[in-house]
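Chemist: Sharing a structure, written as structure tokens. Questions coming.
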Amino acid sequence: MRGRAFLCAALALSFLVPPASALGQEPAGAERAIERLLERRAEALLKRDRAAFSKTILPDARGFKQRQLQLFDRLAQVPLGSLSYEVDWGAYGDLARASDEARYQGADEVRIPLTIEHYKLAGYDKRAVVQDVYLTFVRQGNEWFIGSDTDLEDIGFLTQRNPWDLDEVAVTKGASIVALSSGCSGAPCPGVSVLLQAAEAAIDRVDRYWDRPWNRRVPFFAPDDPADLAAIIQATFSVDNYVAFAFWTGGEGPSEGARIIADPSNFEAGSFDRSFSILAHELTHVASLPYRGSYMPRFLDEGFAQYVQYDAAGRVPTVFNAAVRASGDDSLPEDYEFFIGDSGDVQLVYQQSLSAVSFMAERWGAARVTQLYRAIGASPGGAGTAAHYVDRAFKKVLGLGADAFARAWASSIFGS
């Protein structure tokens, strides 16, 4: 995930770092040497040259070197189609602090810029996934090495993780979906085969409701440890109340790096129907995200995915409307409400979202739901708030504004 949330902190920190020319090598020489180091790293991983890869790691960083060699070994199971790195020297500058330099005693120079990793899973990624990594580059004499990828975690700069960074990976391929499960000693984790079958079947469900092109060849990450799941999506909230996520890594374009991630232990053992339902929801997110834009209300995004999940066309899911009515809450959920509260709170905002989208489909037709989704996603941005662009799209597609829609929906549940 491209890290933009910490931009202000990063800029403030960069002013504390002396210019590169004061640290040793001239900037251009050091930068080119680091680029060559990264080229050797990528080449060694792609060519499966363990000795060459090992030589890119700082010899003194024993713990890090051991973890990196484990990473190298795990990648043998991953269908890695391409891999490269680039350093964005202009993004945040050199983030290395005095404490980072002190950590590498005997080093002649220490640098921590933003490094960007580009990779493709062969047969699945049309374009390279783009991920932020924060590698520490250490110079000893004339030689540069990689010393860590965690030195900036204390200030919120996190290296993007994949399943193979965290544990042994087993790869299971379906017709369209590839499942990469981890944490089960290199074997497919229990339940993964059912999840894979359910995901393949769910593609047809999504196609019934979403009529725009989308990439159906989706990698499925299935870490056995919830902590690994949280690390991969860089969650700032508890993942205990969730069973699966659709997420994207990197790139300014939303169609890059689509993945589904789930903890198999959170699914009912061997339950194809439940797995199918949940994965239809997540694959709807994968299909619709390139059209989502910057202003999509989460109730519409999640409500539409649930509409597909429960195959709700032509009927109002009365059980959800009853739950909303019993709650006494006649307002549509705000975006932040999807990530706070206990399981009951989270369940309610999803029930409200499905109820609202079902009401929209019944009143205006299911085609208008996807038309509204695309209209909001196509908002050009610029002057004006998110609420302005959402309201404009509602008026264009439904003939009434967002607030008027919310009142009409509430009236359908609670009466006038």
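We label chains A, B, ... in the order they appear in the structure tokens, count residues from 1 in each chain, and number ligands from 1 in the order shown.
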Please provide the set of residues having any atom within 9 Å of Leu37 of chain A, restricted to only C-alpha atoms, with same-chain residues fewer than 3 positions apart removed, written as a PDB file with C-alpha atoms, in the first residue's frame.
Modeler:
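For reference, out16.pdb as written:
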```
ATOM      1  CA  ARG A  32      23.877   4.674  -8.168  1.00  0.00           C
ATOM      2  CA  ALA A  33      25.660   2.164  -5.928  1.00  0.00           C
ATOM      3  CA  ILE A  34      22.414   1.499  -4.039  1.00  0.00           C
ATOM      4  CA  ARG A  40      21.627  -7.573  -7.868  1.00  0.00           C
ATOM      5  CA  ARG A  41      19.009  -8.401  -5.242  1.00  0.00           C
ATOM      6  CA  ALA A  42      16.194  -8.644  -7.806  1.00  0.00           C
ATOM      7  CA  THR A  56      23.474  -8.223  -0.672  1.00  0.00           C
ATOM      8  CA  TRP A 144      26.779  -1.215   0.178  1.00  0.00           C
ATOM      9  CA  PHE A 145      24.532  -3.762   1.914  1.00  0.00           C
ATOM     10  CA  ILE A 146      20.913  -4.005   3.083  1.00  0.00           C
TER      11      ILE A 146
END
```
Chemist: What's the 10 Å shell around Tyr209 of chain A, counting only C-alpha atoms, without same-chain residues fewer than 4 positions away, as a list of chain:residue names?
Modeler: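 With the cut-off at 10 Å, the set is A:Asp204, A:Arg205, A:Thr284, A:Phe304, A:Ala305, A:Tyr307, A:Val308, A:Asp311, A:Ala313, A:Ala366, A:Ala367, A:Val369, A:Thr370.
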Chemist: So which residues touch Ala387 of chain A within 12 Å, counting only C-alpha atoms, skipping near sequence neighbours fewer than 5 positions away, as a ChimeraX atom specification?
Modeler: /A:294-297,334,376,379,381,392-394,401-403
Chemist: For the residues in the current selection, export N, CA and C atoms as a compact mmCIF listing (two decimals), in the first residue's frame.
Modeler:
```
# COMPACT_ATOMS: atom_id res chain seq x y z
N SER A 294 -12.60 8.41 -5.81
CA SER A 294 -12.12 8.91 -4.51
C SER A 294 -13.24 9.27 -3.54
N TYR A 295 -14.49 9.28 -3.99
CA TYR A 295 -15.56 9.83 -3.16
C TYR A 295 -16.65 8.82 -2.82
N MET A 296 -16.44 7.56 -3.11
CA MET A 296 -17.48 6.56 -2.92
C MET A 296 -17.88 6.43 -1.45
N PRO A 297 -19.15 6.64 -1.11
CA PRO A 297 -19.58 6.38 0.28
C PRO A 297 -19.45 4.89 0.58
N GLU A 334 -21.81 6.31 8.54
CA GLU A 334 -20.65 7.06 8.08
C GLU A 334 -19.51 6.09 7.81
N ILE A 376 -20.43 8.19 -9.36
CA ILE A 376 -19.64 8.73 -8.25
C ILE A 376 -18.16 8.51 -8.51
N SER A 379 -16.43 11.04 -10.80
CA SER A 379 -16.36 12.45 -10.41
C SER A 379 -14.95 12.97 -10.59
N GLY A 381 -13.25 15.47 -9.38
CA GLY A 381 -12.48 16.07 -8.29
C GLY A 381 -12.23 17.54 -8.54
N ARG A 392 -24.19 15.33 -6.28
CA ARG A 392 -24.40 15.59 -7.71
C ARG A 392 -24.67 14.30 -8.47
N ALA A 393 -23.94 13.23 -8.13
CA ALA A 393 -24.15 11.95 -8.80
C ALA A 393 -25.53 11.37 -8.47
N PHE A 394 -25.96 11.48 -7.20
CA PHE A 394 -27.29 11.01 -6.83
C PHE A 394 -28.37 11.73 -7.63
N GLY A 401 -31.19 14.16 -4.32
CA GLY A 401 -29.89 14.24 -3.70
C GLY A 401 -29.65 13.14 -2.68
N ALA A 402 -28.41 13.08 -2.19
CA ALA A 402 -28.03 12.02 -1.25
C ALA A 402 -28.83 12.10 0.05
N ASP A 403 -29.02 13.29 0.58
CA ASP A 403 -29.79 13.43 1.82
C ASP A 403 -31.24 13.03 1.62
```
Chemist: Select from segment 23-227 of chain A everything DSSP, run on the backbone, classes as strand (DSSP E), then give the selection as number ranges by chain.
Modeler: A: 80-88, 109-111, 114-121, 129-133, 136-140, 143-148, 169-173, 178-182, 219-223
Chemist: So that I can check the surroundings of Val206 of chain A, please list as a count of residues only every protein, DNA and RNA residue that reaches within 9 Å of it, counting only C-alpha atoms and ignoring chain neighbours fewer than 2 positions away.
Modeler: 14
Chemist: List the neighbours of segment 219-226 of chain A out to 9 Å using only C-alpha atoms; skip same-chain residues closer than 3 positions along the sequence, and give me the result as a VMD selection string.
Modeler: chain A and resid 121 124 to 125 162 to 163 166 to 167 169 176 to 184 189 to 190 192 196 199 229 to 231 239 to 240 258 to 265
Chemist: Just the selected residues (N, CA and C atoms), exported as a tab-separated table (two decimals), in the first residue's frame, please.
Modeler:
```tsv
chain	number	residue	atom	x	y	z
A	121	LEU	N	2.84	-11.58	-10.12
A	121	LEU	CA	2.63	-13.01	-10.03
A	121	LEU	C	2.29	-13.51	-11.43
A	124	TYR	N	-1.26	-13.85	-13.37
A	124	TYR	CA	-2.33	-13.23	-12.59
A	124	TYR	C	-2.29	-11.71	-12.63
A	125	ASP	N	-1.13	-11.12	-12.47
A	125	ASP	CA	-1.02	-9.66	-12.47
A	125	ASP	C	-0.76	-9.15	-13.88
A	162	ASN	N	4.02	-9.49	2.45
A	162	ASN	CA	3.27	-10.49	1.71
A	162	ASN	C	3.33	-11.80	2.49
A	163	PRO	N	2.51	-12.78	2.16
A	163	PRO	CA	2.54	-14.03	2.94
A	163	PRO	C	3.92	-14.66	3.01
A	166	LEU	N	6.32	-13.75	5.80
A	166	LEU	CA	5.96	-14.08	7.17
A	166	LEU	C	6.03	-15.56	7.50
A	167	ASP	N	5.88	-16.43	6.49
A	167	ASP	CA	5.87	-17.86	6.78
A	167	ASP	C	6.01	-18.64	5.48
A	169	VAL	N	4.91	-20.84	2.36
A	169	VAL	CA	3.74	-20.65	1.51
A	169	VAL	C	3.46	-21.91	0.72
A	176	SER	N	-9.12	-19.80	-12.32
A	176	SER	CA	-8.88	-18.36	-12.37
A	176	SER	C	-8.15	-17.84	-11.14
A	177	ILE	N	-8.38	-18.46	-10.01
A	177	ILE	CA	-7.86	-17.99	-8.73
A	177	ILE	C	-6.64	-18.81	-8.34
A	178	VAL	N	-5.65	-18.15	-7.75
A	178	VAL	CA	-4.53	-18.86	-7.15
A	178	VAL	C	-4.54	-18.55	-5.65
A	179	ALA	N	-4.50	-19.59	-4.84
A	179	ALA	CA	-4.49	-19.43	-3.39
A	179	ALA	C	-3.08	-19.61	-2.86
A	180	LEU	N	-2.62	-18.64	-2.08
A	180	LEU	CA	-1.32	-18.74	-1.42
A	180	LEU	C	-1.59	-18.77	0.08
A	181	SER	N	-1.53	-19.97	0.66
A	181	SER	CA	-1.78	-20.10	2.08
A	181	SER	C	-0.45	-20.19	2.82
A	182	SER	N	-0.44	-19.69	4.04
A	182	SER	CA	0.80	-19.64	4.80
A	182	SER	C	0.53	-19.99	6.25
A	183	GLY	N	1.57	-20.48	6.91
A	183	GLY	CA	1.47	-20.80	8.32
A	183	GLY	C	1.13	-22.24	8.62
A	184	CYS	N	1.14	-23.10	7.60
A	184	CYS	CA	0.79	-24.51	7.81
A	184	CYS	C	1.94	-25.42	7.37
A	189	CYS	N	-3.30	-24.84	3.89
A	189	CYS	CA	-3.98	-24.79	5.18
A	189	CYS	C	-5.36	-25.44	5.08
A	190	PRO	N	-5.85	-26.01	6.18
A	190	PRO	CA	-7.18	-26.62	6.16
A	190	PRO	C	-8.24	-25.63	5.68
A	192	VAL	N	-8.60	-24.41	2.67
A	192	VAL	CA	-8.22	-23.60	1.51
A	192	VAL	C	-8.81	-24.16	0.22
A	196	LEU	N	-11.06	-22.04	-2.34
A	196	LEU	CA	-10.69	-21.88	-3.74
A	196	LEU	C	-11.85	-22.26	-4.66
A	199	ALA	N	-14.47	-19.55	-4.45
A	199	ALA	CA	-14.07	-18.33	-5.16
A	199	ALA	C	-14.28	-18.49	-6.66
A	229	LEU	N	-2.39	-11.73	8.88
A	229	LEU	CA	-3.39	-11.04	8.06
A	229	LEU	C	-3.35	-9.54	8.34
A	230	ALA	N	-3.32	-9.18	9.61
A	230	ALA	CA	-3.28	-7.76	9.98
A	230	ALA	C	-2.02	-7.09	9.47
A	231	ALA	N	-0.90	-7.81	9.51
A	231	ALA	CA	0.36	-7.23	9.03
A	231	ALA	C	0.32	-7.01	7.53
A	239	VAL	N	-8.88	-7.08	13.50
A	239	VAL	CA	-9.43	-7.86	12.39
A	239	VAL	C	-10.30	-9.01	12.90
A	240	ASP	N	-10.52	-9.07	14.21
A	240	ASP	CA	-11.24	-10.21	14.78
A	240	ASP	C	-12.68	-10.31	14.30
A	258	ALA	N	-4.79	-6.14	-7.03
A	258	ALA	CA	-5.97	-6.63	-6.33
A	258	ALA	C	-5.68	-8.00	-5.72
A	259	ARG	N	-6.03	-8.14	-4.46
A	259	ARG	CA	-5.89	-9.40	-3.74
A	259	ARG	C	-7.10	-9.60	-2.85
A	260	ILE	N	-7.42	-10.86	-2.58
A	260	ILE	CA	-8.35	-11.19	-1.51
A	260	ILE	C	-7.54	-11.86	-0.42
A	261	ILE	N	-7.83	-11.51	0.82
A	261	ILE	CA	-7.12	-12.11	1.94
A	261	ILE	C	-8.15	-12.55	2.97
A	262	ALA	N	-7.95	-13.75	3.51
A	262	ALA	CA	-8.88	-14.28	4.50
A	262	ALA	C	-8.13	-15.21	5.44
A	263	ASP	N	-8.63	-15.30	6.64
A	263	ASP	CA	-8.12	-16.27	7.61
A	263	ASP	C	-9.01	-17.50	7.50
A	264	PRO	N	-8.49	-18.61	6.98
A	264	PRO	CA	-9.34	-19.79	6.79
A	264	PRO	C	-10.02	-20.27	8.07
A	265	SER	N	-9.40	-20.01	9.21
A	265	SER	CA	-9.98	-20.48	10.47
A	265	SER	C	-11.25	-19.73	10.83
```
Chemist: Could you give me, as a list in words, the residues within 8 Å of Tyr134 of chain A, counting only C-alpha atoms and dropping anything in the same chain fewer than 3 positions from it?
Modeler: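 Residues meeting the cut-off are Ile112, Pro113, Leu114, Thr115, Asp149, Thr150, Asp151, Leu152, Phe157, Leu158 and Thr159 of chain A.
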Chemist: Let me see the file: selected residues, N, CA, C and O atoms, as a PDB file, in the first residue's frame.
Modeler:
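Dumped to again-v9.pdb:
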```pdb
ATOM      1  N   ILE A 112      18.220   5.579   4.533  1.00  0.00           N
ATOM      2  CA  ILE A 112      16.900   4.938   4.490  1.00  0.00           C
ATOM      3  C   ILE A 112      15.958   5.805   3.645  1.00  0.00           C
ATOM      4  O   ILE A 112      15.212   6.626   4.178  1.00  0.00           O
ATOM      5  N   PRO A 113      15.973   5.643   2.350  1.00  0.00           N
ATOM      6  CA  PRO A 113      14.994   6.327   1.505  1.00  0.00           C
ATOM      7  C   PRO A 113      13.749   5.451   1.334  1.00  0.00           C
ATOM      8  O   PRO A 113      13.701   4.317   1.830  1.00  0.00           O
ATOM      9  N   LEU A 114      12.753   5.971   0.650  1.00  0.00           N
ATOM     10  CA  LEU A 114      11.623   5.148   0.239  1.00  0.00           C
ATOM     11  C   LEU A 114      12.054   4.303  -0.951  1.00  0.00           C
ATOM     12  O   LEU A 114      12.483   4.821  -1.979  1.00  0.00           O
ATOM     13  N   THR A 115      11.947   2.997  -0.796  1.00  0.00           N
ATOM     14  CA  THR A 115      12.213   2.070  -1.902  1.00  0.00           C
ATOM     15  C   THR A 115      10.887   1.485  -2.366  1.00  0.00           C
ATOM     16  O   THR A 115      10.027   1.163  -1.550  1.00  0.00           O
ATOM     17  N   ASP A 149      14.733  -3.939   7.223  1.00  0.00           N
ATOM     18  CA  ASP A 149      13.552  -3.349   6.593  1.00  0.00           C
ATOM     19  C   ASP A 149      12.518  -2.950   7.645  1.00  0.00           C
ATOM     20  O   ASP A 149      11.339  -2.769   7.347  1.00  0.00           O
ATOM     21  N   THR A 150      12.987  -2.803   8.903  1.00  0.00           N
ATOM     22  CA  THR A 150      12.073  -2.468  10.000  1.00  0.00           C
ATOM     23  C   THR A 150      12.536  -1.280  10.832  1.00  0.00           C
ATOM     24  O   THR A 150      11.900  -0.965  11.841  1.00  0.00           O
ATOM     25  N   ASP A 151      13.609  -0.596  10.442  1.00  0.00           N
ATOM     26  CA  ASP A 151      14.183   0.437  11.309  1.00  0.00           C
ATOM     27  C   ASP A 151      13.247   1.618  11.539  1.00  0.00           C
ATOM     28  O   ASP A 151      13.394   2.332  12.538  1.00  0.00           O
ATOM     29  N   LEU A 152      12.300   1.853  10.649  1.00  0.00           N
ATOM     30  CA  LEU A 152      11.426   3.023  10.786  1.00  0.00           C
ATOM     31  C   LEU A 152      10.034   2.671  11.299  1.00  0.00           C
ATOM     32  O   LEU A 152       9.146   3.518  11.307  1.00  0.00           O
ATOM     33  N   PHE A 157       6.555   4.079   9.501  1.00  0.00           N
ATOM     34  CA  PHE A 157       6.887   3.754   8.117  1.00  0.00           C
ATOM     35  C   PHE A 157       7.062   2.230   8.027  1.00  0.00           C
ATOM     36  O   PHE A 157       8.090   1.698   8.427  1.00  0.00           O
ATOM     37  N   LEU A 158       6.055   1.570   7.499  1.00  0.00           N
ATOM     38  CA  LEU A 158       6.011   0.110   7.505  1.00  0.00           C
ATOM     39  C   LEU A 158       6.308  -0.447   6.120  1.00  0.00           C
ATOM     40  O   LEU A 158       5.720  -0.024   5.124  1.00  0.00           O
ATOM     41  N   THR A 159       7.192  -1.410   6.074  1.00  0.00           N
ATOM     42  CA  THR A 159       7.432  -2.154   4.840  1.00  0.00           C
ATOM     43  C   THR A 159       6.232  -3.040   4.544  1.00  0.00           C
ATOM     44  O   THR A 159       5.751  -3.746   5.427  1.00  0.00           O
TER      45      THR A 159
END
```
